[in-house]
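Have a look at final_36.txt below; it lists compact mmCIF, C-alpha atoms.
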```
# COMPACT_ATOMS: atom_id res chain seq x y z
CA LYS A 19 57.47 106.39 82.87
CA ARG A 20 54.50 105.07 84.77
CA PHE A 21 55.91 106.28 88.11
CA SER A 22 56.65 109.74 86.73
CA GLU A 23 53.15 110.10 85.29
CA GLN A 24 51.43 108.88 88.46
CA ASN A 25 53.55 111.05 90.75
CA ASP A 26 53.98 114.17 88.61
CA TYR A 27 57.74 113.89 88.08
CA LYS A 28 59.52 115.30 85.05
CA VAL A 29 62.07 112.95 83.50
CA PHE A 30 65.42 114.09 82.11
CA CYS A 31 68.26 112.04 80.67
CA ILE A 32 71.82 113.20 81.13
CA ARG A 33 74.74 111.84 79.19
CA ASN A 34 78.38 112.76 78.98
CA ASN A 35 79.20 114.96 76.02
CA ALA A 36 82.41 116.38 77.50
CA GLN A 37 80.82 119.82 77.93
CA PRO A 38 80.34 121.76 81.18
CA ILE A 39 76.87 121.08 82.55
CA TYR A 40 76.37 123.64 85.33
CA ASP A 41 74.70 126.35 83.19
CA ASP A 42 72.44 123.77 81.54
CA LEU A 43 71.24 122.60 84.93
CA HIS A 44 70.14 126.13 85.83
CA LEU A 45 68.48 126.51 82.45
CA PHE A 46 66.39 123.32 82.51
CA PHE A 47 65.51 122.72 86.17
CA ARG A 48 63.20 124.68 88.47
CA GLU A 49 63.05 124.25 92.23
CA SER A 50 59.27 123.92 92.25
CA ASP A 51 59.21 120.79 90.07
CA LYS A 52 59.93 117.15 90.86
CA TYR A 53 62.50 115.29 88.78
CA ILE A 54 63.74 111.86 87.86
CA ILE A 55 67.21 112.11 86.37
CA LEU A 56 68.40 109.20 84.25
CA ILE A 57 72.16 108.90 83.86
CA ASP A 58 73.44 106.16 81.60
CA ASP A 59 77.02 105.04 82.26
CA ALA A 60 77.44 107.30 85.30
CA ASN A 61 81.06 106.16 85.54
CA GLU A 62 81.78 108.04 82.31
CA LEU A 63 80.11 111.28 83.42
CA SER A 64 82.85 113.69 84.44
CA GLU A 65 80.50 116.03 86.30
CA LEU A 66 78.48 113.58 88.36
CA GLU A 67 79.27 115.41 91.62
CA THR A 68 78.29 118.74 90.04
CA ILE A 69 74.86 117.37 89.18
CA ILE A 70 74.27 115.96 92.66
CA ARG A 71 75.46 119.14 94.37
CA PHE A 72 73.23 121.24 92.12
CA PHE A 73 70.09 119.47 93.28
CA ILE A 74 71.10 119.42 96.93
CA GLU A 75 72.40 123.01 97.15
CA ASN A 76 69.41 124.44 95.30
CA LYS A 77 67.02 122.78 97.73
CA TYR A 78 65.38 120.44 95.27
CA SER A 79 63.35 118.40 97.70
CA GLU A 80 61.94 115.99 95.17
CA PHE A 81 64.49 114.40 92.89
CA LYS A 82 65.49 110.86 92.15
CA ILE A 83 68.52 109.74 90.22
CA ILE A 84 68.57 106.48 88.33
CA SER A 85 71.89 105.58 86.81
CA THR A 86 73.56 102.71 85.10
CA VAL A 87 77.15 101.83 85.89
CA ARG A 88 79.46 99.23 84.45
CA ASN A 89 80.35 96.43 86.88
CA TYR A 90 83.99 97.46 87.08
CA ALA A 91 83.02 100.98 88.27
CA VAL A 92 80.17 100.27 90.68
CA ASP A 93 82.30 100.73 93.82
CA VAL A 94 83.77 104.07 92.72
CA VAL A 95 80.44 105.56 91.61
CA SER A 96 78.64 104.17 94.67
CA SER A 97 81.12 105.75 97.06
CA THR A 98 80.77 109.10 95.27
CA LEU A 99 77.00 109.00 95.43
CA ARG A 100 76.81 107.64 98.99
CA SER A 101 78.56 110.72 100.28
CA PHE A 102 75.62 112.83 99.04
CA LEU A 103 72.53 110.63 98.81
CA ASN A 104 70.59 107.75 100.25
CA LEU A 105 71.81 105.17 97.77
CA LYS A 106 70.20 101.90 96.75
CA VAL A 107 72.18 99.66 94.42
CA LYS A 108 70.30 97.16 92.30
CA HIS A 109 72.38 94.68 90.34
CA ILE A 110 70.67 93.71 87.12
CA SER A 111 71.53 90.43 85.49
CA THR A 112 71.46 89.81 81.78
CA LEU A 113 68.09 89.13 80.25
CA LYS A 114 66.86 85.63 79.58
CA ASP A 115 66.13 84.64 75.98
CA ASN A 116 62.37 84.79 76.50
CA GLU A 117 62.70 88.30 78.01
CA ILE A 118 64.65 89.51 74.99
CA GLU A 119 62.07 87.96 72.70
CA GLU A 120 59.24 89.74 74.55
CA LEU A 121 61.16 93.04 74.48
CA ILE A 122 61.66 92.84 70.73
CA LYS A 123 58.10 91.74 70.03
CA GLU A 124 56.68 94.54 72.17
CA GLU A 125 58.98 97.36 71.04
CA PHE A 126 59.36 96.53 67.37
CA LYS A 127 56.41 94.23 66.63
CA ILE A 128 58.78 91.67 65.13
CA LYS A 129 57.02 88.32 64.91
CA ASN A 130 59.31 86.50 62.49
CA GLN A 131 60.92 83.77 64.61
CA VAL A 132 64.04 83.66 62.43
CA PHE A 133 64.69 87.36 63.14
CA LEU A 134 63.87 86.89 66.81
CA ASN A 135 66.24 83.93 67.15
CA ARG A 136 69.06 85.85 65.46
CA ILE A 137 68.55 88.86 67.75
CA ILE A 138 68.46 86.61 70.83
CA LYS A 139 71.66 84.87 69.77
CA ILE A 140 73.53 88.12 69.05
CA ALA A 141 72.32 89.91 72.17
CA GLU A 142 73.54 87.22 74.58
CA GLY A 143 71.29 88.69 77.27
CA ASN A 144 72.30 92.32 76.64
CA ALA A 145 69.19 94.51 76.38
CA ARG A 146 71.01 97.36 74.64
CA ILE A 147 72.34 95.13 71.87
CA ALA A 148 68.93 93.45 71.54
CA PHE A 149 67.27 96.84 71.22
CA LEU A 150 69.76 98.07 68.61
CA ALA A 151 69.41 94.81 66.69
CA GLY A 152 65.63 95.12 66.72
CA LYS A 153 65.79 98.68 65.46
CA VAL A 154 68.25 97.81 62.70
CA ALA A 155 66.21 94.73 61.69
CA VAL A 156 63.03 96.81 61.35
CA GLU A 157 64.77 99.60 59.43
CA SER A 158 66.57 97.30 57.00
CA ASN A 159 64.17 94.33 56.91
CA SER A 160 67.24 92.23 56.14
CA MET A 161 68.89 89.37 58.00
CA ASP A 162 72.22 90.55 56.61
CA SER A 163 72.05 93.70 58.74
CA ILE A 164 72.02 91.66 61.95
CA GLU A 165 74.70 89.06 61.21
CA ASP A 166 76.80 90.06 64.22
CA VAL A 167 77.29 92.87 66.72
CA THR A 168 79.71 94.71 64.43
CA ASP A 169 77.07 94.84 61.69
CA ILE A 170 74.52 96.16 64.15
CA TYR A 171 76.80 98.91 65.42
CA SER A 172 77.78 99.85 61.87
CA SER A 173 74.16 99.97 60.73
CA TYR A 174 72.95 101.91 63.74
CA TYR A 175 75.82 104.32 64.35
CA GLY A 176 77.08 104.51 60.78
CA LYS A 177 74.69 107.28 59.79
CA PHE A 178 75.82 109.39 62.75
CA LEU A 179 79.48 108.78 61.98
CA ASP A 180 78.90 109.61 58.31
CA SER A 181 77.21 112.85 59.37
CA ILE A 182 80.13 113.76 61.65
CA ASN A 183 82.66 112.98 58.91
CA LEU A 184 80.68 115.07 56.42
CA LYS A 185 80.63 118.00 58.86
CA LYS A 186 84.40 117.65 59.36
CA LYS A 187 84.96 117.67 55.60
CA ILE A 188 82.82 120.78 55.22
CA LEU A 189 84.66 122.55 58.04
CA LEU A 190 88.05 121.57 56.66
CA SER A 191 87.20 122.77 53.17
CA ALA A 192 85.79 126.12 54.41
```
Please express what this file holds, its structure, as structure tokens.
Amino acid sequence: KRFSEQNDYKVFCIRNNAQPIYDDLHLFFRESDKYIILIDDANELSELETIIRFFIENKYSEFKIISTVRNYAVDVVSSTLRSFLNLKVKHISTLKDNEIEELIKEEFKIKNQVFLNRIIKIAEGNARIAFLAGKVAVESNSMDSIEDVTDIYSSYYGKFLDSINLKKKILLSA
């Protein structure tokens, strides 16, 4: 965020939703602008090469791609990207307990040490799980909602799944 603000880059996040992306790329990106593209779980993105080719073929001179990749897929994704770009791979280790505690304090303003300790224990160094746990803890204000990872996923994603199931029921009854 700081880099993009200081260097006048626009930031976009791309995730796999199993839909063709080519038309969206033309709709949202202009050659005159500078971009940072964030791709989470690049190994799951079916059109990774399409995205890279779009920026190269359309003469985007100023773009940076930051992506996350699961350990088991680093080699495959790296070889795909290396054929197009100057690639730098940075391996990120799990967070230390004090780093998770600072993340949760800063993002969610949680100061209760019992909540913090539970989140640290559940996260086991995983920033994503820590973040979800912090969000669920703040929304529910209940230790029961962060008993284990399953509870966290159910609390966080449950509302989305309920919404999808409701939409399916409505479509099926129409």
ask   = Contacts of segment 31-44 of chain A at 7 Å or less, counting only C-alpha atoms, minus same-chain residues fewer than 4 places along, as a VMD selection string?
value = chain A and resid 55 to 58 62 to 63
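Using all atoms listed in the file, the contacts of Asn76 of chain A at a cut-off of 10 Å, with sequence neighbours closer than 3 positions omitted, comprise His44, Arg48, Glu49, Arg71, Phe72, Phe73 and Ser79 of chain A.
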ask   = Do you have the atom CA of Glu65 of chain A-atom CA of Gly176 of chain A distance handy?
value =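 Separating atom CA of Glu65 of chain A from atom CA of Gly176 of chain A is a distance of 28.2 Å.
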query = Could you pull the residues within 9 Å of Phe102 of chain A, counting only C-alpha atoms, minus those fewer than 6 positions along the same chain, as a VMD selection string?
reply = chain A and resid 67 70 to 71 74
query = By how many Å are atom CA of Ile137 of chain A and atom CA of Val167 of chain A apart?
reply = 9.7 Å
message = To one decimal place in Å, what is the distance between atom CA of Glu117 of chain A and atom CA of Ser22 of chain A?
response =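 So the two atoms, atom CA of Glu117 of chain A and atom CA of Ser22 of chain A, lie 23.9 Å apart.
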